[in-house]
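Structure file coords.cif (mmCIF, C-alpha atoms, pLDDT in the B column; chains and numbers go by the auth columns) is printed below.
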data_model
loop_
_atom_site.group_PDB
_atom_site.id
_atom_site.type_symbol
_atom_site.label_atom_id
_atom_site.label_comp_id
_atom_site.label_asym_id
_atom_site.label_seq_id
_atom_site.Cartn_x
_atom_site.Cartn_y
_atom_site.Cartn_z
_atom_site.B_iso_or_equiv
_atom_site.auth_seq_id
_atom_site.auth_asym_id
ATOM 1 C CA MET A 1 11.938 27.008 15.818 33.00 252 Z
ATOM 2 C CA ILE A 2 15.275 26.192 17.374 36.00 253 Z
ATOM 3 C CA LYS A 3 18.448 27.771 16.035 38.00 254 Z
ATOM 4 C CA GLU A 4 20.069 24.466 15.118 43.00 255 Z
ATOM 5 C CA GLU A 5 17.118 23.594 12.916 47.00 256 Z
ATOM 6 C CA LYS A 6 17.234 26.982 11.171 43.00 257 Z
ATOM 7 C CA ARG A 7 20.940 26.641 10.429 44.00 258 Z
ATOM 8 C CA LEU A 8 20.434 23.134 9.126 47.00 259 Z
ATOM 9 C CA LYS A 9 17.619 24.157 6.788 44.00 260 Z
ATOM 10 C CA LYS A 10 19.693 26.980 5.334 36.00 261 Z
ATOM 11 C CA LYS A 11 22.644 24.750 4.532 39.00 262 Z
ATOM 12 C CA SER A 12 20.967 21.491 3.630 40.00 263 Z
ATOM 13 C CA LYS A 13 19.717 22.590 0.214 40.00 264 Z
ATOM 14 C CA SER A 14 23.077 23.791 -1.054 31.00 265 Z
ATOM 15 C CA HIS A 15 25.449 21.285 0.541 38.00 266 Z
ATOM 16 C CA PHE A 16 23.520 18.205 1.557 43.00 267 Z
ATOM 17 C CA HIS A 17 24.222 16.108 -1.537 43.00 268 Z
ATOM 18 C CA ASP A 18 27.867 17.127 -1.896 44.00 269 Z
ATOM 19 C CA VAL A 19 29.411 15.052 0.844 43.00 270 Z
ATOM 20 C CA GLY A 20 32.920 16.087 -0.179 46.00 271 Z
ATOM 21 C CA ASP A 21 32.327 19.786 0.460 47.00 272 Z
ATOM 22 C CA GLU A 22 34.589 21.139 3.177 47.00 273 Z
ATOM 23 C CA ASN A 23 31.762 23.362 4.434 44.00 274 Z
ATOM 24 C CA LEU A 24 29.644 20.438 5.579 49.00 275 Z
ATOM 25 C CA PHE A 25 28.909 20.177 9.263 50.00 276 Z
ATOM 26 C CA SER A 26 31.590 18.645 11.404 54.00 277 Z
ATOM 27 C CA SER A 27 30.472 15.737 13.544 58.00 278 Z
ATOM 28 C CA ARG A 28 28.734 16.952 16.682 76.00 279 Z
ATOM 29 C CA THR A 29 25.728 16.265 18.853 82.00 280 Z
ATOM 30 C CA TRP A 30 22.520 18.007 17.763 87.00 281 Z
ATOM 31 C CA SER A 31 20.812 17.676 21.118 86.00 282 Z
ATOM 32 C CA LYS A 32 17.984 20.138 20.360 88.00 283 Z
ATOM 33 C CA LEU A 33 17.154 19.064 16.815 92.00 284 Z
ATOM 34 C CA HIS A 34 13.589 17.702 16.908 94.00 285 Z
ATOM 35 C CA HIS A 35 12.382 18.338 13.339 95.00 286 Z
ATOM 36 C CA LEU A 36 14.249 18.120 10.038 94.00 287 Z
ATOM 37 C CA SER A 37 13.049 19.131 6.548 93.00 288 Z
ATOM 38 C CA LEU A 38 14.720 17.951 3.335 93.00 289 Z
ATOM 39 C CA TRP A 39 14.150 18.583 -0.368 94.00 290 Z
ATOM 40 C CA ILE A 40 15.233 15.973 -2.939 92.00 291 Z
ATOM 41 C CA GLY A 41 14.958 15.973 -6.720 94.00 292 Z
ATOM 42 C CA VAL A 42 13.334 12.915 -8.287 93.00 293 Z
ATOM 43 C CA GLY A 43 15.942 10.290 -9.127 88.00 294 Z
ATOM 44 C CA GLU A 44 18.364 11.493 -6.452 89.00 295 Z
ATOM 45 C CA LEU A 45 19.264 9.453 -3.387 89.00 296 Z
ATOM 46 C CA LEU A 46 18.847 10.401 0.240 86.00 297 Z
ATOM 47 C CA THR A 47 22.440 10.859 1.347 79.00 298 Z
ATOM 48 C CA PRO A 48 22.948 9.315 4.803 77.00 299 Z
ATOM 49 C CA LEU A 49 22.668 12.188 7.240 81.00 300 Z
ATOM 50 C CA SER A 50 25.669 10.849 9.129 77.00 301 Z
ATOM 51 C CA LEU A 51 27.847 11.920 6.183 79.00 302 Z
ATOM 52 C CA ALA A 52 26.676 15.487 6.775 78.00 303 Z
ATOM 53 C CA GLY A 53 27.719 15.382 10.424 82.00 304 Z
ATOM 54 C CA LEU A 54 24.239 14.461 11.627 84.00 305 Z
ATOM 55 C CA ASP A 55 25.012 11.037 12.996 82.00 306 Z
ATOM 56 C CA ASP A 56 24.214 12.070 16.583 86.00 307 Z
ATOM 57 C CA CYS A 57 20.681 13.509 16.798 90.00 308 Z
ATOM 58 C CA PRO A 58 19.287 11.936 19.975 90.00 309 Z
ATOM 59 C CA ALA A 59 16.142 14.115 20.024 92.00 310 Z
ATOM 60 C CA LEU A 60 15.156 13.890 16.332 94.00 311 Z
ATOM 61 C CA GLU A 61 11.474 12.906 16.328 96.00 312 Z
ATOM 62 C CA GLU A 62 10.090 14.075 12.992 97.00 313 Z
ATOM 63 C CA ILE A 63 11.404 14.311 9.446 96.00 314 Z
ATOM 64 C CA GLU A 64 9.775 15.893 6.408 97.00 315 Z
ATOM 65 C CA ILE A 65 10.999 14.810 2.977 96.00 316 Z
ATOM 66 C CA LYS A 66 9.714 16.543 -0.139 96.00 317 Z
ATOM 67 C CA ILE A 67 10.505 15.011 -3.528 96.00 318 Z
ATOM 68 C CA GLU A 68 9.902 16.959 -6.738 96.00 319 Z
ATOM 69 C CA GLY A 69 10.534 16.580 -10.443 94.00 320 Z
ATOM 70 C CA ASP A 70 9.354 15.002 -13.685 95.00 321 Z
ATOM 71 C CA SER A 71 10.064 11.271 -13.618 93.00 322 Z
ATOM 72 C CA ARG A 72 9.149 11.095 -17.310 91.00 323 Z
ATOM 73 C CA ASN A 73 12.552 12.641 -18.021 85.00 324 Z
ATOM 74 C CA GLN A 74 14.346 10.026 -15.915 86.00 325 Z
ATOM 75 C CA GLN A 75 15.607 6.542 -16.629 83.00 326 Z
ATOM 76 C CA ARG A 76 14.403 3.684 -14.455 84.00 327 Z
ATOM 77 C CA PRO A 77 15.842 3.988 -10.913 83.00 328 Z
ATOM 78 C CA CYS A 78 19.293 2.372 -10.862 77.00 329 Z
ATOM 79 C CA MET A 79 19.104 1.679 -7.118 76.00 330 Z
ATOM 80 C CA ASP A 80 16.473 -0.302 -5.245 81.00 331 Z
ATOM 81 C CA SER A 81 15.544 2.518 -2.874 85.00 332 Z
ATOM 82 C CA LEU A 82 15.718 6.219 -2.117 89.00 333 Z
ATOM 83 C CA GLY A 83 17.619 5.476 1.087 89.00 334 Z
ATOM 84 C CA LEU A 84 15.084 5.587 3.921 93.00 335 Z
ATOM 85 C CA ARG A 85 16.976 2.750 5.633 91.00 336 Z
ATOM 86 C CA SER A 86 19.682 5.237 6.594 90.00 337 Z
ATOM 87 C CA LEU A 87 17.215 6.910 8.980 92.00 338 Z
ATOM 88 C CA ALA A 88 17.115 3.848 11.233 91.00 339 Z
ATOM 89 C CA CYS A 89 20.025 5.265 13.252 89.00 340 Z
ATOM 90 C CA TYR A 90 17.733 7.823 14.926 91.00 341 Z
ATOM 91 C CA PRO A 91 16.123 6.037 17.884 90.00 342 Z
ATOM 92 C CA ARG A 92 13.405 8.634 18.591 94.00 343 Z
ATOM 93 C CA LEU A 93 12.282 9.160 14.994 95.00 344 Z
ATOM 94 C CA SER A 94 8.560 8.399 15.078 96.00 345 Z
ATOM 95 C CA ARG A 95 6.866 10.783 12.622 97.00 346 Z
ATOM 96 C CA MET A 96 7.451 11.240 8.913 97.00 347 Z
ATOM 97 C CA LEU A 97 5.952 13.417 6.192 97.00 348 Z
ATOM 98 C CA LEU A 98 6.860 11.933 2.816 96.00 349 Z
ATOM 99 C CA ASP A 99 5.566 14.296 0.144 95.00 350 Z
ATOM 100 C CA CYS A 100 5.906 12.962 -3.407 94.00 351 Z
ATOM 101 C CA SER A 101 3.049 15.093 -4.757 91.00 352 Z
ATOM 102 C CA GLY A 102 5.549 17.179 -6.721 93.00 353 Z
ATOM 103 C CA VAL A 103 6.647 14.119 -8.712 94.00 354 Z
ATOM 104 C CA ILE A 104 5.018 13.788 -12.141 93.00 355 Z
ATOM 105 C CA GLY A 105 4.943 10.514 -14.039 92.00 356 Z
ATOM 106 C CA TYR A 106 2.974 7.808 -15.798 91.00 357 Z
ATOM 107 C CA ALA A 107 0.226 6.212 -13.725 86.00 358 Z
ATOM 108 C CA LEU A 108 -0.313 3.591 -16.424 80.00 359 Z
ATOM 109 C CA THR A 109 2.177 1.849 -18.732 80.00 360 Z
ATOM 110 C CA ALA A 110 5.310 3.937 -19.252 82.00 361 Z
ATOM 111 C CA PRO A 111 7.278 4.074 -22.536 83.00 362 Z
ATOM 112 C CA LEU A 112 10.091 1.572 -23.045 81.00 363 Z
ATOM 113 C CA GLY A 113 13.054 2.261 -20.765 78.00 364 Z
ATOM 114 C CA GLN A 114 11.100 4.388 -18.312 83.00 365 Z
ATOM 115 C CA ALA A 115 9.331 3.537 -15.072 88.00 366 Z
ATOM 116 C CA ASP A 116 5.687 4.048 -14.252 90.00 367 Z
ATOM 117 C CA LEU A 117 4.670 5.553 -10.927 91.00 368 Z
ATOM 118 C CA SER A 118 4.231 2.182 -9.224 90.00 369 Z
ATOM 119 C CA LEU A 119 7.951 1.473 -9.707 92.00 370 Z
ATOM 120 C CA TRP A 120 8.893 4.952 -8.534 93.00 371 Z
ATOM 121 C CA GLU A 121 6.673 4.420 -5.514 93.00 372 Z
ATOM 122 C CA ARG A 122 8.597 1.255 -4.638 93.00 373 Z
ATOM 123 C CA PHE A 123 11.839 3.236 -4.969 93.00 374 Z
ATOM 124 C CA PHE A 124 10.579 6.020 -2.676 93.00 375 Z
ATOM 125 C CA LEU A 125 9.180 3.769 0.061 94.00 376 Z
ATOM 126 C CA ASN A 126 11.565 0.814 0.093 92.00 377 Z
ATOM 127 C CA GLY A 127 13.165 0.644 3.538 92.00 378 Z
ATOM 128 C CA ILE A 128 10.390 2.445 5.392 93.00 379 Z
ATOM 129 C CA GLU A 129 9.343 -0.861 6.933 92.00 380 Z
ATOM 130 C CA ILE A 130 12.457 -0.998 9.146 93.00 381 Z
ATOM 131 C CA LEU A 131 11.809 2.402 10.730 94.00 382 Z
ATOM 132 C CA ASN A 132 10.017 2.598 14.057 94.00 383 Z
ATOM 133 C CA LEU A 133 7.420 5.091 12.831 96.00 384 Z
ATOM 134 C CA LYS A 134 4.250 5.815 14.764 96.00 385 Z
ATOM 135 C CA GLU A 135 2.749 8.356 12.353 97.00 386 Z
ATOM 136 C CA LEU A 136 3.082 8.820 8.592 96.00 387 Z
ATOM 137 C CA ASN A 137 1.691 11.410 6.191 96.00 388 Z
ATOM 138 C CA TYR A 138 2.138 10.231 2.609 95.00 389 Z
ATOM 139 C CA TRP A 139 1.449 12.117 -0.622 93.00 390 Z
ATOM 140 C CA PRO A 140 1.753 9.815 -3.675 92.00 391 Z
ATOM 141 C CA ALA A 141 3.195 11.019 -6.973 92.00 392 Z
ATOM 142 C CA GLN A 142 0.778 12.138 -9.674 89.00 393 Z
ATOM 143 C CA ASP A 143 -0.095 11.709 -13.327 88.00 394 Z
ATOM 144 C CA MET A 144 -1.240 15.167 -14.403 84.00 395 Z
ATOM 145 C CA ASP A 145 -2.653 13.936 -17.717 82.00 396 Z
ATOM 146 C CA LEU A 146 -5.030 11.598 -15.879 78.00 397 Z
ATOM 147 C CA ASN A 147 -5.474 13.940 -12.908 75.00 398 Z
ATOM 148 C CA GLN A 148 -4.603 11.000 -10.678 79.00 399 Z
ATOM 149 C CA ARG A 149 -2.560 10.725 -7.489 83.00 400 Z
ATOM 150 C CA SER A 150 -2.820 7.136 -6.330 84.00 401 Z
ATOM 151 C CA LEU A 151 -1.499 4.694 -3.789 87.00 402 Z
ATOM 152 C CA PHE A 152 -0.368 1.683 -5.830 87.00 403 Z
ATOM 153 C CA LEU A 153 0.271 -1.925 -4.833 89.00 404 Z
ATOM 154 C CA PRO A 154 4.003 -1.490 -3.961 89.00 405 Z
ATOM 155 C CA ALA A 155 3.168 1.268 -1.473 91.00 406 Z
ATOM 156 C CA ALA A 156 0.357 -0.724 0.116 92.00 407 Z
ATOM 157 C CA ALA A 157 2.602 -3.783 0.473 93.00 408 Z
ATOM 158 C CA LEU A 158 5.512 -1.822 1.973 94.00 409 Z
ATOM 159 C CA LEU A 159 3.326 0.191 4.339 94.00 410 Z
ATOM 160 C CA ALA A 160 1.690 -3.029 5.513 94.00 411 Z
ATOM 161 C CA GLN A 161 5.109 -4.070 6.874 94.00 412 Z
ATOM 162 C CA CYS A 162 5.408 -1.015 9.151 94.00 413 Z
ATOM 163 C CA GLY A 163 4.756 -2.940 12.331 91.00 414 Z
ATOM 164 C CA SER A 164 4.754 0.046 14.715 93.00 415 Z
ATOM 165 C CA LEU A 165 2.566 2.461 12.728 94.00 416 Z
ATOM 166 C CA ARG A 166 -0.446 3.842 14.614 94.00 417 Z
ATOM 167 C CA LYS A 167 -1.599 6.731 12.406 95.00 418 Z
ATOM 168 C CA LEU A 168 -1.555 6.850 8.608 94.00 419 Z
ATOM 169 C CA PHE A 169 -2.720 9.790 6.488 93.00 420 Z
ATOM 170 C CA ILE A 170 -2.920 9.191 2.738 91.00 421 Z
ATOM 171 C CA HIS A 171 -3.301 12.263 0.533 89.00 422 Z
ATOM 172 C CA GLY A 172 -4.451 10.639 -2.698 84.00 423 Z
ATOM 173 C CA THR A 173 -6.575 7.932 -4.253 79.00 424 Z
ATOM 174 C CA THR A 174 -6.389 4.168 -3.929 81.00 425 Z
ATOM 175 C CA ASN A 175 -8.746 1.215 -4.121 82.00 426 Z
ATOM 176 C CA GLU A 176 -10.376 -0.948 -1.520 82.00 427 Z
ATOM 177 C CA HIS A 177 -8.182 -3.993 -2.127 85.00 428 Z
ATOM 178 C CA PHE A 178 -4.988 -2.032 -1.456 87.00 429 Z
ATOM 179 C CA MET A 179 -6.483 -0.441 1.657 88.00 430 Z
ATOM 180 C CA MET A 180 -7.180 -3.882 3.081 90.00 431 Z
ATOM 181 C CA PHE A 181 -3.428 -4.585 2.995 91.00 432 Z
ATOM 182 C CA LEU A 182 -3.053 -1.998 5.753 91.00 433 Z
ATOM 183 C CA LEU A 183 -5.023 -4.151 8.184 90.00 434 Z
ATOM 184 C CA ARG A 184 -1.892 -6.287 8.510 91.00 435 Z
ATOM 185 C CA ILE A 185 -0.311 -3.529 10.621 92.00 436 Z
ATOM 186 C CA PRO A 186 -0.995 -4.783 14.159 91.00 437 Z
ATOM 187 C CA THR A 187 -0.756 -1.371 15.855 92.00 438 Z
ATOM 188 C CA LEU A 188 -2.760 0.657 13.317 91.00 439 Z
ATOM 189 C CA ARG A 189 -5.536 2.673 14.968 91.00 440 Z
ATOM 190 C CA ASP A 190 -6.231 5.652 12.728 91.00 441 Z
ATOM 191 C CA VAL A 191 -6.282 5.776 8.916 89.00 442 Z
ATOM 192 C CA GLN A 192 -7.400 8.859 7.038 85.00 443 Z
ATOM 193 C CA VAL A 193 -7.714 9.277 3.297 81.00 444 Z
ATOM 194 C CA ARG A 194 -7.810 13.037 3.070 73.00 445 Z
ATOM 195 C CA GLU A 195 -10.940 14.559 1.554 56.00 446 Z
ATOM 196 C CA ASP A 196 -9.101 16.447 -1.169 57.00 447 Z
ATOM 197 C CA TYR A 197 -9.687 13.183 -3.057 49.00 448 Z
ATOM 198 C CA TYR A 198 -12.257 11.233 -1.033 46.00 449 Z
ATOM 199 C CA PRO A 199 -14.854 9.985 -1.086 48.00 450 Z
ATOM 200 C CA ALA A 200 -14.830 9.561 -4.847 50.00 451 Z
ATOM 201 C CA PRO A 201 -17.917 10.755 -6.747 51.00 452 Z
ATOM 202 C CA GLU A 202 -20.045 8.003 -8.211 54.00 453 Z
ATOM 203 C CA ASN A 203 -19.126 9.019 -11.776 56.00 454 Z
ATOM 204 C CA ASP A 204 -15.377 8.758 -11.070 55.00 455 Z
ATOM 205 C CA THR A 205 -13.989 5.778 -12.995 52.00 456 Z
ATOM 206 C CA ILE A 206 -10.351 6.223 -11.892 52.00 457 Z
ATOM 207 C CA THR A 207 -10.597 4.847 -8.376 53.00 458 Z
ATOM 208 C CA GLU A 208 -12.576 2.007 -6.871 54.00 459 Z
ATOM 209 C CA MET A 209 -12.987 3.699 -3.494 61.00 460 Z
ATOM 210 C CA ARG A 210 -16.528 4.886 -2.807 67.00 461 Z
ATOM 211 C CA VAL A 211 -18.458 5.721 0.338 73.00 462 Z
ATOM 212 C CA GLU A 212 -19.297 2.041 0.810 78.00 463 Z
ATOM 213 C CA SER A 213 -15.658 1.060 0.291 78.00 464 Z
ATOM 214 C CA CYS A 214 -14.574 3.497 2.995 79.00 465 Z
ATOM 215 C CA ARG A 215 -17.250 2.164 5.320 83.00 466 Z
ATOM 216 C CA ARG A 216 -16.169 -1.452 4.816 87.00 467 Z
ATOM 217 C CA PHE A 217 -12.554 -0.554 5.528 84.00 468 Z
ATOM 218 C CA GLU A 218 -13.518 1.402 8.635 84.00 469 Z
ATOM 219 C CA ASP A 219 -15.562 -1.534 9.911 86.00 470 Z
ATOM 220 C CA ALA A 220 -12.643 -3.896 9.329 86.00 471 Z
ATOM 221 C CA LEU A 221 -10.208 -1.516 11.044 86.00 472 Z
ATOM 222 C CA ASN A 222 -12.437 -1.269 14.108 84.00 473 Z
ATOM 223 C CA SER A 223 -13.367 -4.948 14.153 81.00 474 Z
ATOM 224 C CA SER A 224 -13.263 -6.727 17.490 69.00 475 Z
ATOM 225 C CA ASN A 225 -11.148 -9.399 15.796 73.00 476 Z
ATOM 226 C CA ARG A 226 -8.221 -6.969 15.675 71.00 477 Z
ATOM 227 C CA HIS A 227 -6.251 -7.008 18.918 70.00 478 Z
ATOM 228 C CA ILE A 228 -4.244 -3.787 19.020 70.00 479 Z
ATOM 229 C CA PRO A 229 -1.419 -3.788 21.587 70.00 480 Z
ATOM 230 C CA ASP A 230 -1.247 -0.706 23.803 62.00 481 Z
#
Written as structure tokens, that's how I'd like the structure from this file.
Amino acid sequence: MIKEEKRLKKKSKSHFHDVGDENLFSSRTWSKLHHLSLWIGVGELLTPLSLAGLDDCPALEEIEIKIEGDSRNQQRPCMDSLGLRSLACYPRLSRMLLDCSGVIGYALTAPLGQADLSLWERFFLNGIEILNLKELNYWPAQDMDLNQRSLFLPAAALLAQCGSLRKLFIHGTTNEHFMMFLLRIPTLRDVQVREDYYPAPENDTITEMRVESCRRFEDALNSSNRHIPD
């Protein structure tokens, strides 16, 4: 691991969200920074990295964002997005790991004044469609009472707008209808729903995905009617 990345990881947790701190990085070129890892509490915003002196990272190729916390203790998000749009300033950014598995919430109807996980999912992913990503690993948030970690409609719709995505790894459940949204991505070649959840057992009533559902999606993904640009 390069020294610049080590220094960044050490400081990012304590200073990243306090943009007024005099100890933040001064503006400079991080020419050897290829990978960046961030931790964010649920309900917090992704501060533009440029405000932390990271506006010039010409080699940044991969970013890992881990979000944790109990959304049941939070009000509905007051902003429309976490802030992924701010990452569009990095021209070589092509891989992302967005891990929301540490977020706990309501998979079904939330109490009055709170948001269910589908709304939180929209908040987390809004803006991802403008990034030039080639590969995405995505862990949805979870409802521990239902033992469910699902890809909901907002995520499927937003991911379907990622026009450059080639590889997508989903670490959670979903249903066949939402998976079919992903076929709108013209460059998509490889989709994996990781086997920590799939294929669903026949007595599982939470998700609609079964072995046959996976097979139908795979056939559609590999159909000769899809013309994937090289």
Mind telling me what the PyMOL selection byres ((chain Z and resi 411) around 7) catches here, as a list in words? Ala407, Ala408, Leu409, Leu410, Gln412, Cys413, Phe432, Leu433, Arg435 and Ile436 of chain Z
Proximity to Z:His286 - best of Z:Ala303, Z:Leu344, Z:Ala339, Z:Val354, all atoms listed in the file: Z:Leu344
Of the residues Z:Ala392, Z:Leu419, Z:Ile379, Z:Met430, which is the one nearest to Z:Glu319, using all atoms listed in the file? Z:Ala392
Excluding same-chain residues fewer than 4 positions from Z:Gly356, what lies within 6 Å of it counting only C-alpha atoms, as a VMD selection string? chain Z and resid 322 to 323 368 394
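Our summary of the geometry notes that atom CA of Z:Asn324 is positioned 19.4 Å from atom CA of Z:Leu297.
Nearest to Z:Ala358 of all the residues Z:Leu397, Z:Asp331, Z:Arg336, Z:Glu380 is Z:Leu397, counting all atoms listed in the file.
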Can you tell me, as a list in words, what residues are no more than 6 Å from stretch 308-316 of chain Z when counting all atoms listed in the file, ignoring any on the same chain fewer than 4 positions away?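 The residues that qualify are Trp281, Ser282, Leu284, His285, His286, Leu287, Ser288, Leu289, Trp290, Arg343, Leu344, Ser345, Arg346, Met347, Leu348 and Leu349 of chain Z.
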Specify as a list in words each residue included when the PyMOL selection byres ((chain Z and resi 335) around 9) is applied to this file.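 Checking the PyMOL selection byres ((chain Z and resi 335) around 9) against this file, the residues are Leu297, Pro299, Ser332, Leu333, Gly334, Arg336, Ser337, Leu338, Ala339, Phe375, Leu376, Asn377, Gly378, Ile379, Ile381 and Leu382 of chain Z.
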Coordinates-based distance that separates atom CA of Z:Arg327 from atom CA of Z:Gln393 (Å, one decimal):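 Answer for the atom CA of Z:Gln393 to atom CA of Z:Arg327 separation: 16.7 Å.
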Given the file above and the PyMOL selection byres ((chain Z and resi 364) around 7), which residues are selected, and can you give them as a ChimeraX atom specification? /Z:326-327,362-363,365-366
Convert the current residue selection to file output with C-alpha atoms, as a PDB file, keeping the file's coordinate frame.
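The resulting file, part.pdb, is shown below:
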ATOM      1  CA  GLN Z 326      15.607   6.542 -16.629  1.00 83.00           C
ATOM      2  CA  ARG Z 327      14.403   3.684 -14.455  1.00 84.00           C
ATOM      3  CA  PRO Z 362       7.278   4.074 -22.536  1.00 83.00           C
ATOM      4  CA  LEU Z 363      10.091   1.572 -23.045  1.00 81.00           C
ATOM      5  CA  GLN Z 365      11.100   4.388 -18.312  1.00 83.00           C
ATOM      6  CA  ALA Z 366       9.331   3.537 -15.072  1.00 88.00           C
TER       7      ALA Z 366
END
Z:Leu302, Z:Ile291, Z:Val442, Z:Ile479: which is nearest Z:Cys465, counting only C-alpha atoms?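 Comparing Z:Leu302, Z:Ile291, Z:Val442, Z:Ile479 against Z:Cys465, the winner is Z:Val442.
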Could you tell me how far atom CA of Z:Lys317 lies from atom CA of Z:Phe403, in Å and to one decimal?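 Rounded to one decimal, the two atoms are 18.8 Å apart.
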Compile the contact shell of stretch 472-474 of chain Z as a list in words: residues with an atom at most 9 Å away, counting all atoms listed in the file, same-chain residues fewer than 5 positions apart removed.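 The neighbour list is Met431, Leu433, Leu434, Leu439, Arg440, Asp441, Val442 and Arg467 of chain Z.
Considering the residues Z:His428, Z:Arg400, Z:His422, Z:Arg373 and counting only C-alpha atoms, Z:Leu387 has its shortest atom-to-atom contact with Z:His422.
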Using only C-alpha atoms for the distances, tell me which of Z:Ile355, Z:Ala471, Z:Leu300, Z:Cys340 is nearest to Z:Asp396. Z:Ile355
Non-local contacts of Z:Leu402 (8 Å; all atoms listed in the file; under 6 positions in same chain excluded) as a ChimeraX atom specification: /Z:391,423-425,429
Regenerate stretch 360-379 of chain Z at the level of N, CA and C atoms and dump it as a short mmCIF file (atom, residue, chain, number, x, y, z; two decimals), keeping the file's coordinate frame.
data_model
loop_
_atom_site.label_atom_id
_atom_site.label_comp_id
_atom_site.auth_asym_id
_atom_site.auth_seq_id
_atom_site.Cartn_x
_atom_site.Cartn_y
_atom_site.Cartn_z
N THR Z 360 0.96 2.39 -18.12
CA THR Z 360 2.18 1.85 -18.73
C THR Z 360 3.07 2.96 -19.25
N ALA Z 361 4.34 2.94 -18.83
CA ALA Z 361 5.31 3.94 -19.25
C ALA Z 361 5.98 3.50 -20.55
N PRO Z 362 6.53 4.43 -21.32
CA PRO Z 362 7.28 4.07 -22.54
C PRO Z 362 8.48 3.18 -22.21
N LEU Z 363 8.97 2.49 -23.22
CA LEU Z 363 10.09 1.57 -23.04
C LEU Z 363 11.29 2.30 -22.45
N GLY Z 364 11.88 1.69 -21.41
CA GLY Z 364 13.05 2.26 -20.76
C GLY Z 364 12.75 3.19 -19.62
N GLN Z 365 11.48 3.51 -19.41
CA GLN Z 365 11.10 4.39 -18.31
C GLN Z 365 10.25 3.62 -17.31
N ALA Z 366 10.07 4.20 -16.14
CA ALA Z 366 9.33 3.54 -15.07
C ALA Z 366 8.00 4.23 -14.85
N ASP Z 367 6.96 3.44 -14.61
CA ASP Z 367 5.69 4.05 -14.25
C ASP Z 367 5.72 4.40 -12.77
N LEU Z 368 4.66 5.04 -12.29
CA LEU Z 368 4.67 5.55 -10.93
C LEU Z 368 4.68 4.45 -9.88
N SER Z 369 4.19 3.26 -10.21
CA SER Z 369 4.23 2.18 -9.22
C SER Z 369 5.67 1.78 -8.92
N LEU Z 370 6.54 1.79 -9.94
CA LEU Z 370 7.95 1.47 -9.71
C LEU Z 370 8.66 2.60 -8.96
N TRP Z 371 8.32 3.83 -9.28
CA TRP Z 371 8.89 4.95 -8.53
C TRP Z 371 8.44 4.91 -7.08
N GLU Z 372 7.20 4.50 -6.87
CA GLU Z 372 6.67 4.42 -5.51
C GLU Z 372 7.45 3.38 -4.70
N ARG Z 373 7.78 2.26 -5.32
CA ARG Z 373 8.60 1.25 -4.64
C ARG Z 373 9.97 1.84 -4.28
N PHE Z 374 10.54 2.60 -5.20
CA PHE Z 374 11.84 3.24 -4.97
C PHE Z 374 11.77 4.22 -3.80
N PHE Z 375 10.71 5.02 -3.74
CA PHE Z 375 10.58 6.02 -2.68
C PHE Z 375 10.40 5.38 -1.30
N LEU Z 376 9.60 4.31 -1.23
CA LEU Z 376 9.18 3.77 0.06
C LEU Z 376 10.00 2.58 0.54
N ASN Z 377 10.80 1.99 -0.31
CA ASN Z 377 11.56 0.81 0.09
C ASN Z 377 12.47 1.16 1.27
N GLY Z 378 12.38 0.40 2.33
CA GLY Z 378 13.16 0.64 3.54
C GLY Z 378 12.37 1.27 4.66
N ILE Z 379 11.19 1.80 4.35
CA ILE Z 379 10.39 2.44 5.39
C ILE Z 379 9.92 1.44 6.43
#
